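With PDB, C-alpha atoms and all ligand atoms inside, this is query_30.pdb:
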```pdb
ATOM      1  CA  MET P   1      46.283  94.848  56.271
ATOM      2  CA  SER P   2      43.052  92.940  56.791
ATOM      3  CA  GLU P   3      43.446  89.453  58.136
ATOM      4  CA  ARG P   4      43.748  86.536  55.693
ATOM      5  CA  PRO P   5      41.914  88.218  52.767
ATOM      6  CA  VAL P   6      42.975  85.634  50.239
ATOM      7  CA  VAL P   7      42.502  81.945  49.519
ATOM      8  CA  TYR P   8      45.910  80.721  48.367
ATOM      9  CA  SER P   9      46.664  78.068  45.791
ATOM     10  CA  ALA P  10      49.797  76.383  44.477
ATOM     11  CA  SER P  11      49.875  78.739  41.500
ATOM     12  CA  SER P  12      49.372  81.868  43.611
ATOM     13  CA  VAL P  13      52.210  80.830  45.950
ATOM     14  CA  SER P  14      54.407  80.148  42.941
ATOM     15  CA  SER P  15      53.465  83.536  41.446
ATOM     16  CA  TYR P  16      54.362  85.380  44.665
ATOM     17  CA  GLN P  17      57.665  83.538  44.875
ATOM     18  CA  ALA P  18      58.438  84.451  41.242
ATOM     19  CA  CYS P  19      57.587  88.127  41.669
ATOM     20  CA  HIS P  20      55.545  89.896  44.339
ATOM     21  CA  LEU P  21      54.328  92.472  41.822
ATOM     22  CA  GLN P  22      53.192  89.727  39.446
ATOM     23  CA  TRP P  23      51.013  88.376  42.264
ATOM     24  CA  TRP P  24      49.478  91.855  42.727
ATOM     25  CA  PHE P  25      48.626  92.074  39.012
ATOM     26  CA  THR P  26      46.998  88.640  39.082
ATOM     27  CA  TYR P  27      45.264  88.438  42.423
ATOM     28  CA  ILE P  28      44.522  92.073  43.374
ATOM     29  CA  LEU P  29      44.068  93.795  40.026
ATOM     30  CA  LYS P  30      42.851  90.528  38.435
ATOM     31  CA  GLU P  31      44.385  91.526  35.127
ATOM     32  CA  GLU P  32      44.226  88.846  32.466
ATOM     33  CA  GLY P  33      47.578  89.627  30.913
ATOM     34  CA  VAL P  34      48.883  87.819  27.878
ATOM     35  CA  SER P  35      49.252  84.040  28.167
ATOM     36  CA  SER P  36      52.398  82.517  26.769
ATOM     37  CA  GLU P  37      52.267  79.856  24.079
ATOM     38  CA  PRO P  38      53.315  77.077  26.526
ATOM     39  CA  GLN P  39      50.491  78.158  28.864
ATOM     40  CA  ARG P  40      47.939  78.017  26.031
ATOM     41  CA  VAL P  41      49.198  74.596  24.932
ATOM     42  CA  GLY P  42      49.096  73.385  28.543
ATOM     43  CA  ILE P  43      45.431  74.389  28.914
ATOM     44  CA  ILE P  44      44.365  72.657  25.667
ATOM     45  CA  VAL P  45      46.258  69.477  26.565
ATOM     46  CA  HIS P  46      44.871  69.502  30.091
ATOM     47  CA  ASP P  47      41.258  69.933  28.903
ATOM     48  CA  SER P  48      41.649  67.095  26.389
ATOM     49  CA  ALA P  49      43.198  64.832  29.003
ATOM     50  CA  GLU P  50      40.372  65.528  31.459
ATOM     51  CA  PHE P  51      37.828  64.676  28.763
ATOM     52  CA  MET P  52      39.529  61.345  27.964
ATOM     53  CA  LEU P  53      39.872  60.451  31.642
ATOM     54  CA  ARG P  54      36.203  61.100  32.300
ATOM     55  CA  GLU P  55      35.274  58.966  29.268
ATOM     56  CA  LEU P  56      37.328  56.166  30.807
ATOM     57  CA  THR P  57      34.908  56.167  33.761
ATOM     58  CA  GLY P  58      31.870  55.786  31.473
ATOM     59  CA  TRP P  59      30.989  59.487  31.577
ATOM     60  CA  GLN P  60      28.669  60.597  28.773
ATOM     61  CA  PRO P  61      29.554  64.142  27.734
ATOM     62  CA  SER P  62      26.727  66.591  27.060
ATOM     63  CA  MET P  63      26.693  68.743  23.937
ATOM     64  CA  ALA P  64      27.905  71.618  26.118
ATOM     65  CA  ASP P  65      30.873  69.527  27.299
ATOM     66  CA  ILE P  66      31.731  68.635  23.714
ATOM     67  CA  ALA P  67      31.375  72.241  22.583
ATOM     68  CA  LYS P  68      33.875  73.337  25.239
ATOM     69  CA  LEU P  69      36.592  71.072  23.861
ATOM     70  CA  ASP P  70      38.629  72.080  20.852
ATOM     71  CA  PHE P  71      38.726  68.865  18.796
ATOM     72  CA  TYR P  72      40.415  70.442  15.842
ATOM     73  CA  VAL P  73      43.866  71.128  17.180
ATOM     74  CA  GLU P  74      46.677  70.455  14.756
ATOM     75  CA  ALA P  75      50.300  69.468  15.153
ATOM     76  CA  PRO P  76      52.328  70.143  17.220
ATOM     77  CA  VAL P  77      49.624  70.416  19.946
ATOM     78  CA  ALA P  78      47.776  67.374  18.558
ATOM     79  CA  ASP P  79      51.023  65.368  18.889
ATOM     80  CA  VAL P  80      51.217  66.294  22.576
ATOM     81  CA  ILE P  81      47.597  65.191  23.101
ATOM     82  CA  ASP P  82      48.431  61.922  21.330
ATOM     83  CA  VAL P  83      51.131  61.256  23.927
ATOM     84  CA  PHE P  84      48.475  61.446  26.636
ATOM     85  CA  ARG P  85      46.075  59.245  24.646
ATOM     86  CA  ASN P  86      48.620  56.594  23.642
ATOM     87  CA  ASP P  87      51.131  56.504  26.501
ATOM     88  CA  ILE P  88      49.541  57.936  29.647
ATOM     89  CA  LEU P  89      45.835  57.058  29.461
ATOM     90  CA  PRO P  90      46.529  53.273  29.236
ATOM     91  CA  THR P  91      48.449  53.469  32.540
ATOM     92  CA  TYR P  92      45.301  54.582  34.386
ATOM     93  CA  ARG P  93      43.373  51.834  36.173
ATOM     94  CA  LYS P  94      40.417  53.342  38.037
ATOM     95  CA  PRO P  95      40.312  57.128  38.350
ATOM     96  CA  VAL P  96      38.248  57.901  41.440
ATOM     97  CA  LEU P  97      38.886  61.647  41.504
ATOM     98  CA  ILE P  98      39.208  63.768  38.348
ATOM     99  CA  GLU P  99      39.711  67.538  38.454
ATOM    100  CA  ALA P 100      38.594  67.506  42.065
ATOM    101  CA  GLU P 101      38.292  70.800  43.931
ATOM    102  CA  PHE P 102      39.358  71.028  47.552
ATOM    103  CA  GLN P 103      39.770  73.706  50.177
ATOM    104  CA  LEU P 104      41.813  73.429  53.345
ATOM    105  CA  GLU P 105      43.113  75.558  56.156
ATOM    106  CA  VAL P 106      46.803  75.224  56.909
ATOM    107  CA  ASN P 107      47.739  77.082  60.106
ATOM    108  CA  ASP P 108      44.552  79.156  59.643
ATOM    109  CA  ILE P 109      45.533  80.095  56.063
ATOM    110  CA  PRO P 110      42.915  79.109  53.454
ATOM    111  CA  PHE P 111      44.370  77.037  50.636
ATOM    112  CA  SER P 112      42.401  75.691  47.674
ATOM    113  CA  GLY P 113      43.205  73.738  44.570
ATOM    114  CA  ILE P 114      42.027  71.402  41.863
ATOM    115  CA  LEU P 115      43.900  68.125  41.792
ATOM    116  CA  ASP P 116      44.186  66.342  38.452
ATOM    117  CA  ALA P 117      43.409  62.773  39.509
ATOM    118  CA  VAL P 118      43.581  59.995  42.050
ATOM    119  CA  ASP P 119      43.883  56.624  40.336
ATOM    120  CA  GLN P 120      43.196  53.393  42.240
ATOM    121  CA  HIS P 121      45.416  50.386  41.537
ATOM    122  CA  ASP P 122      45.034  46.821  42.763
ATOM    123  CA  VAL P 123      47.977  45.868  44.944
ATOM    124  CA  PRO P 124      48.580  42.646  46.918
ATOM    125  CA  TRP P 125      47.261  44.225  50.132
ATOM    126  CA  GLY P 126      44.172  45.853  48.569
ATOM    127  CA  LEU P 127      43.829  49.153  46.743
ATOM    128  CA  ALA P 128      46.428  51.887  46.409
ATOM    129  CA  ASN P 129      45.509  55.505  45.703
ATOM    130  CA  ILE P 130      47.963  57.085  43.281
ATOM    131  CA  LEU P 131      47.894  60.871  43.177
ATOM    132  CA  ARG P 132      48.608  61.941  39.578
ATOM    133  CA  ASP P 133      49.288  65.288  37.974
ATOM    134  CA  LEU P 134      49.768  66.044  34.275
ATOM    135  CA  LYS P 135      52.340  68.615  33.200
ATOM    136  CA  SER P 136      53.815  69.604  29.867
ATOM    137  CA  THR P 137      57.243  71.154  29.567
ATOM    138  CA  GLY P 138      59.697  72.222  26.891
ATOM    139  CA  SER P 139      62.611  70.177  28.234
ATOM    140  CA  ARG P 140      63.105  67.159  30.459
ATOM    141  CA  PRO P 141      62.244  68.298  34.017
ATOM    142  CA  SER P 142      64.518  67.998  37.011
ATOM    143  CA  PRO P 143      63.027  65.810  39.765
ATOM    144  CA  GLY P 144      61.265  67.352  42.745
ATOM    145  CA  LYS P 145      60.229  70.530  40.947
ATOM    146  CA  TYR P 146      56.575  70.327  41.957
ATOM    147  CA  ARG P 147      56.862  68.924  45.466
ATOM    148  CA  PHE P 148      55.122  71.947  47.003
ATOM    149  CA  ASN P 149      52.152  71.601  44.609
ATOM    150  CA  MET P 150      51.963  67.853  45.125
ATOM    151  CA  THR P 151      52.020  68.283  48.897
ATOM    152  CA  GLY P 152      48.954  70.523  48.582
ATOM    153  CA  TYR P 153      47.194  68.034  46.295
ATOM    154  CA  TRP P 154      48.141  65.198  48.656
ATOM    155  CA  MET P 155      46.458  67.007  51.545
ATOM    156  CA  GLY P 156      43.504  67.843  49.285
ATOM    157  CA  ALA P 157      43.021  64.205  48.233
ATOM    158  CA  THR P 158      43.232  63.141  51.893
ATOM    159  CA  ASP P 159      40.598  65.739  52.800
ATOM    160  CA  LEU P 160      38.340  64.364  50.028
ATOM    161  CA  GLY P 161      38.587  60.850  51.480
ATOM    162  CA  TYR P 162      41.261  59.371  49.178
ATOM    163  CA  GLU P 163      44.510  59.540  51.122
ATOM    164  CA  PRO P 164      47.250  58.821  48.576
ATOM    165  CA  ASP P 165      49.715  55.959  48.926
ATOM    166  CA  ALA P 166      51.990  57.312  46.208
ATOM    167  CA  ALA P 167      52.339  60.295  43.913
ATOM    168  CA  GLN P 168      53.331  60.559  40.289
ATOM    169  CA  LEU P 169      53.885  63.422  37.870
ATOM    170  CA  ASP P 170      53.045  62.598  34.261
ATOM    171  CA  TRP P 171      55.262  64.894  32.203
ATOM    172  CA  ILE P 172      54.886  65.346  28.472
ATOM    173  CA  VAL P 173      58.140  66.726  27.135
ATOM    174  CA  ARG P 174      57.324  68.876  24.117
ATOM    175  CA  THR P 175      60.311  68.308  21.888
ATOM    176  CA  LYS P 176      59.933  67.949  18.117
ATOM    177  CA  THR P 177      58.731  64.435  18.845
ATOM    178  CA  PRO P 178      56.977  64.812  22.215
ATOM    179  CA  TYR P 179      57.313  61.981  24.710
ATOM    180  CA  TYR P 180      56.074  60.765  28.102
ATOM    181  CA  TRP P 181      58.331  61.136  31.130
ATOM    182  CA  PRO P 182      56.821  59.727  34.352
ATOM    183  CA  GLU P 183      58.239  60.934  37.669
ATOM    184  CA  VAL P 184      57.322  58.705  40.577
ATOM    185  CA  MET P 185      57.751  60.728  43.740
ATOM    186  CA  GLU P 186      58.700  59.711  47.230
ATOM    187  CA  PRO P 187      55.495  59.754  49.330
ATOM    188  CA  ILE P 188      54.726  63.075  50.994
ATOM    189  CA  THR P 189      55.921  63.136  54.597
ATOM    190  CA  GLU P 190      55.250  65.164  57.735
ATOM    191  CA  ASP P 191      58.407  67.141  56.875
ATOM    192  CA  ASP P 192      56.962  68.046  53.471
ATOM    193  CA  ILE P 193      53.777  69.238  55.145
ATOM    194  CA  ALA P 194      55.788  71.336  57.622
ATOM    195  CA  ILE P 195      57.757  72.918  54.726
ATOM    196  CA  PHE P 196      54.498  73.504  52.886
ATOM    197  CA  ALA P 197      52.967  75.260  55.907
ATOM    198  CA  ALA P 198      56.074  77.413  56.457
ATOM    199  CA  THR P 199      56.155  78.434  52.771
ATOM    200  CA  LEU P 200      52.471  79.313  52.801
ATOM    201  CA  GLU P 201      52.926  81.320  56.007
ATOM    202  CA  THR P 202      55.823  83.295  54.480
ATOM    203  CA  VAL P 203      53.794  84.166  51.380
ATOM    204  CA  ALA P 204      50.684  85.092  53.398
ATOM    205  CA  GLU P 205      52.762  87.352  55.672
ATOM    206  CA  GLY P 206      54.304  89.092  52.645
ATOM    207  CA  VAL P 207      50.857  89.697  51.163
ATOM    208  CA  GLU P 208      49.472  90.936  54.474
ATOM    209  CA  ARG P 209      52.396  93.364  54.840
ATOM    210  CA  GLY P 210      51.548  94.692  51.388
ATOM    211  CA  ASN P 211      54.920  93.716  49.960
ATOM    212  CA  PHE P 212      54.369  93.873  46.205
ATOM    213  CA  GLU P 213      57.873  94.767  45.122
ATOM    214  CA  PRO P 214      58.913  93.797  41.569
ATOM    215  CA  THR P 215      61.140  91.040  42.945
ATOM    216  CA  GLY P 216      61.195  89.165  39.624
ATOM    217  CA  LEU P 217      62.703  92.093  37.754
ATOM    218  CA  GLY P 218      65.512  91.079  35.451
ATOM    219  CA  THR P 219      65.082  87.344  36.145
ATOM    220  CA  TRP P 220      63.439  84.458  34.318
ATOM    221  CA  ALA P 221      60.164  85.567  35.951
ATOM    222  CA  CYS P 222      59.861  88.538  33.565
ATOM    223  CA  LYS P 223      60.546  86.288  30.574
ATOM    224  CA  SER P 224      57.384  84.267  31.220
ATOM    225  CA  CYS P 225      55.305  87.039  32.815
ATOM    226  CA  ALA P 226      51.915  87.928  31.349
ATOM    227  CA  TYR P 227      52.214  91.587  32.438
ATOM    228  CA  THR P 228      55.360  92.876  30.738
ATOM    229  CA  ALA P 229      53.307  95.344  28.679
ATOM    230  CA  SER P 230      51.641  96.934  31.720
ATOM    231  CA  CYS P 231      54.460  96.601  34.260
ATOM    232  CA  GLY P 232      56.091  99.999  34.861
ATOM    233  CA  PRO P 233      59.234  98.658  36.570
ATOM    234  CA  TYR P 234      59.773  96.215  33.700
ATOM    235  CA  GLN P 235      59.300  98.926  31.081
ATOM    236  CA  ARG P 236      61.807 101.210  32.864
ATOM    237  CA  TYR P 237      64.226  98.303  33.268
ATOM    238  CA  MET P 238      64.055  97.671  29.513
ATOM    239  CA  GLU P 239      64.636 101.350  28.756
ATOM    240  CA  VAL P 240      67.779 101.342  30.876
ATOM    241  CA  THR P 241      69.176  97.967  29.830
ATOM    242  CA  GLY P 242      68.029  98.240  26.236
TER     243      GLY P 242
HETATM  244  S1  LIG E   1      57.223  91.960  34.261
HETATM  245 FE1  LIG E   1      58.758  91.209  35.718
HETATM  246  S2  LIG E   1      58.791  92.748  37.379
HETATM  247 FE2  LIG E   1      56.910  93.073  36.185
HETATM  248  S3  LIG E   1      55.338  91.904  37.269
HETATM  249 FE3  LIG E   1      56.169  90.572  35.680
HETATM  250  S4  LIG E   1      57.813  89.416  36.680
HETATM  251 FE4  LIG E   1      57.341  91.154  37.980
END
```

Starting from the file, lay out its structure as structure tokens.
Ligand code: SF4
Amino acid sequence: MSERPVVYSASSVSSYQACHLQWWFTYILKEEGVSSEPQRVGIIVHDSAEFMLRELTGWQPSMADIAKLDFYVEAPVADVIDVFRNDILPTYRKPVLIEAEFQLEVNDIPFSGILDAVDQHDVPWGLANILRDLKSTGSRPSPGKYRFNMTGYWMGATDLGYEPDAAQLDWIVRTKTPYYWPEVMEPITEDDIAIFAATLETVAEGVERGNFEPTGLGTWACKSCAYTASCGPYQRYMEVTG
């Protein structure tokens, strides 16, 4: 195949790991598919959080910015947004990067992303940059789940001139009464970066070999896949397994 045709991201790596065919639907065919309810909720919560964070910095939204935001969400999504407003937003001190785009090359493989935020805190020796990422989930997350993503964001923040001193995931657990669950991570190390590079290399090699097998078939990947309706292997699998 042609050399390095793709700019990778944390979500594209995760998609390829979940199912090679899912990656092909998303990044070659560019099919929209059908978003799941948790994905739709995640996007609304994320947009609202970005808006509130920018306001914290004195940003004055334009009419177009306001029009983009759906202010009229109702429970239970409104309850999730309230968790960000009431429990997470007050823990921010000085956001210096918000929804910041970056692009890197890791072992000659292009990798891009948008990191949620870098928040500066006063510490006894000066200022500390805290890399922060907002996630919502249906149940309490196990630690370390997003280390690959956070390694990419860590390198992205460093490339943008704000090398992190620490990293934190801000989880909102969407139970009947949603709640905040912070996960302070061990700082990203050289070992994490080496694992990141090796993972990226493996995915890029699979893509370049044209390996788009339905590797997620019959696993949890199909359950949350946006392409079940148009995926031939999945449809045949369902015919056989009933
Ligand atoms: S439905 Fe299953 S097999 Fe088909 S692309 Fe999605 S994850 Fe892969």

Next on the checklist: I need the residue nearest P:Phe51 from this list: P:Glu105, P:Glu163, P:Glu99, P:Glu208. Use only C-alpha atoms for the distance.
Outcome noted: P:Glu99

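Within the 6 Å cut-off around stretch 179-183 of chain P, using all atoms listed in the file and omitting residues fewer than 2 positions from it on the same chain, the listed residues are P:Gln168, P:Leu169, P:Asp170, P:Trp171, P:Ile172, P:Val173.
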
Just to be explicit: take each residue in the selection above, keep C-alpha atoms, and write the result as a PDB file, in the frame of the given file.
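So the final result, stored in selection28.pdb, reads:
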```pdb
ATOM      1  CA  GLN P 168      53.331  60.559  40.289  1.00  0.00           C
ATOM      2  CA  LEU P 169      53.885  63.422  37.870  1.00  0.00           C
ATOM      3  CA  ASP P 170      53.045  62.598  34.261  1.00  0.00           C
ATOM      4  CA  TRP P 171      55.262  64.894  32.203  1.00  0.00           C
ATOM      5  CA  ILE P 172      54.886  65.346  28.472  1.00  0.00           C
ATOM      6  CA  VAL P 173      58.140  66.726  27.135  1.00  0.00           C
TER       7      VAL P 173
END
```

Checklist entry - Between atom CA of P:Ala197 and atom CA of P:Thr158, what is the distance, to one decimal in Å? => result 16.1 Å

Checklist entry - Taking into account all atoms listed in the file, which residue in the set P:Gly206, P:Trp220, P:Ala229, P:His46 is nearest to P:Trp23? => result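 Among the listed residues, the smallest separation from P:Trp23 belongs to P:Gly206.
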
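Computed from the coordinates, the atom CA of P:Ala157 to atom CA of P:Ser112 distance equals 11.5 Å.
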
Selection as a PDB file with C-alpha atoms, in the coordinates of the input: residues within 6 Å of (40.8, 69.2, 43.3), counting only C-alpha atoms:
```
ATOM      1  CA  GLU P  99      39.711  67.538  38.454  1.00  0.00           C
ATOM      2  CA  ALA P 100      38.594  67.506  42.065  1.00  0.00           C
ATOM      3  CA  GLU P 101      38.292  70.800  43.931  1.00  0.00           C
ATOM      4  CA  PHE P 102      39.358  71.028  47.552  1.00  0.00           C
ATOM      5  CA  GLY P 113      43.205  73.738  44.570  1.00  0.00           C
ATOM      6  CA  ILE P 114      42.027  71.402  41.863  1.00  0.00           C
ATOM      7  CA  LEU P 115      43.900  68.125  41.792  1.00  0.00           C
TER       8      LEU P 115
END
```

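Ranking P:Asp79, P:Glu31, P:Glu213, P:Asp165 by their shortest atom-to-atom distance to ligand LIG 1 (chain E), with only C-alpha atoms and all ligand atoms included, puts P:Glu213 first.
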
Next on the checklist: My list of candidates is P:Thr91, P:Asn107, P:Thr26, P:Ser12. Which is closest to ligand LIG 1 (chain E) when distances are computed with all atoms listed in the file?
Outcome noted: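 Closest to ligand LIG 1 (chain E), using all atoms listed in the file: P:Thr26.
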
Checklist entry - Mind pulling up the distance from atom CA of P:Gly216 to atom CA of P:Thr199? => result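 Pair atom CA of P:Thr199 / atom CA of P:Gly216 returns 17.7 Å.
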
Item to check | Counting all atoms listed in the file, the option among P:Thr151, P:Ile28, P:Pro61, P:Ser36 closest to P:Tyr16 | outcome: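 Ranked by minimum distance to P:Tyr16, first place goes to P:Ile28.
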
Ligand LIG 1 (chain E): which residues are within 9 Å, counting all atoms listed in the file? Reply as a PDB file with C-alpha atoms, in the frame of the given file.
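Printed below is result_31.pdb as written:
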```pdb
ATOM      1  CA  SER P  15      53.465  83.536  41.446  1.00  0.00           C
ATOM      2  CA  ALA P  18      58.438  84.451  41.242  1.00  0.00           C
ATOM      3  CA  CYS P  19      57.587  88.127  41.669  1.00  0.00           C
ATOM      4  CA  HIS P  20      55.545  89.896  44.339  1.00  0.00           C
ATOM      5  CA  LEU P  21      54.328  92.472  41.822  1.00  0.00           C
ATOM      6  CA  GLN P  22      53.192  89.727  39.446  1.00  0.00           C
ATOM      7  CA  TRP P  23      51.013  88.376  42.264  1.00  0.00           C
ATOM      8  CA  TRP P  24      49.478  91.855  42.727  1.00  0.00           C
ATOM      9  CA  PHE P  25      48.626  92.074  39.012  1.00  0.00           C
ATOM     10  CA  GLU P 213      57.873  94.767  45.122  1.00  0.00           C
ATOM     11  CA  PRO P 214      58.913  93.797  41.569  1.00  0.00           C
ATOM     12  CA  THR P 215      61.140  91.040  42.945  1.00  0.00           C
ATOM     13  CA  GLY P 216      61.195  89.165  39.624  1.00  0.00           C
ATOM     14  CA  LEU P 217      62.703  92.093  37.754  1.00  0.00           C
ATOM     15  CA  GLY P 218      65.512  91.079  35.451  1.00  0.00           C
ATOM     16  CA  THR P 219      65.082  87.344  36.145  1.00  0.00           C
ATOM     17  CA  TRP P 220      63.439  84.458  34.318  1.00  0.00           C
ATOM     18  CA  ALA P 221      60.164  85.567  35.951  1.00  0.00           C
ATOM     19  CA  CYS P 222      59.861  88.538  33.565  1.00  0.00           C
ATOM     20  CA  LYS P 223      60.546  86.288  30.574  1.00  0.00           C
ATOM     21  CA  SER P 224      57.384  84.267  31.220  1.00  0.00           C
ATOM     22  CA  CYS P 225      55.305  87.039  32.815  1.00  0.00           C
ATOM     23  CA  ALA P 226      51.915  87.928  31.349  1.00  0.00           C
ATOM     24  CA  TYR P 227      52.214  91.587  32.438  1.00  0.00           C
ATOM     25  CA  THR P 228      55.360  92.876  30.738  1.00  0.00           C
ATOM     26  CA  ALA P 229      53.307  95.344  28.679  1.00  0.00           C
ATOM     27  CA  SER P 230      51.641  96.934  31.720  1.00  0.00           C
ATOM     28  CA  CYS P 231      54.460  96.601  34.260  1.00  0.00           C
ATOM     29  CA  GLY P 232      56.091  99.999  34.861  1.00  0.00           C
ATOM     30  CA  PRO P 233      59.234  98.658  36.570  1.00  0.00           C
ATOM     31  CA  TYR P 234      59.773  96.215  33.700  1.00  0.00           C
ATOM     32  CA  GLN P 235      59.300  98.926  31.081  1.00  0.00           C
ATOM     33  CA  TYR P 237      64.226  98.303  33.268  1.00  0.00           C
TER      34      TYR P 237
END
```

Next on the checklist: To test your reading of the syntax: which residues would the PyMOL selection byres (((chain P and resi 9) around 9) and not hetatm) return for the file shown? Reply as number ranges by chain.
Outcome noted: P: 7-8, 10-14, 110-113, 149, 152

Checklist entry - For P:Arg174, which residue out of P:Met150, P:Val45, P:Leu29, P:Val123 is the nearest one, using all atoms listed in the file? => result P:Val45

Checklist entry - Excluding same-chain residues fewer than 5 positions from P:Ala75, what lies within 12 Å of it counting only C-alpha atoms, as a list in words? => result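 Residues meeting the cut-off are Val41, Val80, Ile81, Asp82, Arg174, Lys176, Thr177 and Pro178 of chain P.
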
Where atoms are absent from stretch 157-164 of chain P, fill them in so it carries all heavy atoms, then output it as a short mmCIF file (atom, residue, chain, number, x, y, z; two decimals), keeping the file's coordinate frame.
```cif
data_model
loop_
_atom_site.label_atom_id
_atom_site.label_comp_id
_atom_site.auth_asym_id
_atom_site.auth_seq_id
_atom_site.Cartn_x
_atom_site.Cartn_y
_atom_site.Cartn_z
N ALA P 157 43.57 65.54 48.48
CA ALA P 157 43.02 64.20 48.23
C ALA P 157 42.65 63.54 49.56
O ALA P 157 41.60 62.89 49.67
CB ALA P 157 44.04 63.36 47.47
N THR P 158 43.50 63.72 50.57
CA THR P 158 43.23 63.14 51.89
C THR P 158 41.94 63.73 52.46
O THR P 158 41.07 63.02 52.97
CB THR P 158 44.41 63.41 52.85
OG1 THR P 158 45.60 62.88 52.25
CG2 THR P 158 44.19 62.79 54.22
N ASP P 159 41.80 65.05 52.30
CA ASP P 159 40.60 65.74 52.80
C ASP P 159 39.34 65.25 52.07
O ASP P 159 38.26 65.23 52.65
CB ASP P 159 40.77 67.25 52.59
CG ASP P 159 39.77 68.06 53.38
OD1 ASP P 159 39.72 67.88 54.61
OD2 ASP P 159 39.00 68.82 52.76
N LEU P 160 39.49 64.84 50.81
CA LEU P 160 38.34 64.36 50.03
C LEU P 160 38.07 62.87 50.24
O LEU P 160 37.21 62.29 49.59
CB LEU P 160 38.58 64.64 48.53
CG LEU P 160 38.62 66.12 48.13
CD1 LEU P 160 39.06 66.28 46.68
CD2 LEU P 160 37.26 66.79 48.33
N GLY P 161 38.84 62.25 51.13
CA GLY P 161 38.59 60.85 51.48
C GLY P 161 39.40 59.84 50.70
O GLY P 161 39.12 58.64 50.76
N TYR P 162 40.41 60.29 49.95
CA TYR P 162 41.26 59.37 49.18
C TYR P 162 42.73 59.62 49.51
O TYR P 162 43.48 60.14 48.68
CB TYR P 162 41.01 59.54 47.68
CG TYR P 162 39.64 59.08 47.25
CD1 TYR P 162 38.58 59.99 47.18
CD2 TYR P 162 39.39 57.75 46.96
CE1 TYR P 162 37.31 59.57 46.81
CE2 TYR P 162 38.12 57.33 46.59
CZ TYR P 162 37.09 58.24 46.52
OH TYR P 162 35.83 57.82 46.16
N GLU P 163 43.12 59.30 50.72
CA GLU P 163 44.51 59.54 51.12
C GLU P 163 45.44 58.79 50.17
O GLU P 163 45.33 57.57 50.00
CB GLU P 163 44.74 59.07 52.56
CG GLU P 163 46.14 59.36 53.02
CD GLU P 163 46.38 58.99 54.48
OE1 GLU P 163 45.45 58.47 55.13
OE2 GLU P 163 47.49 59.23 54.95
N PRO P 164 46.37 59.50 49.54
CA PRO P 164 47.25 58.82 48.58
C PRO P 164 48.25 57.87 49.26
O PRO P 164 48.65 58.08 50.41
CB PRO P 164 48.00 59.98 47.90
CG PRO P 164 47.17 61.19 48.17
CD PRO P 164 46.56 60.95 49.52
#
```
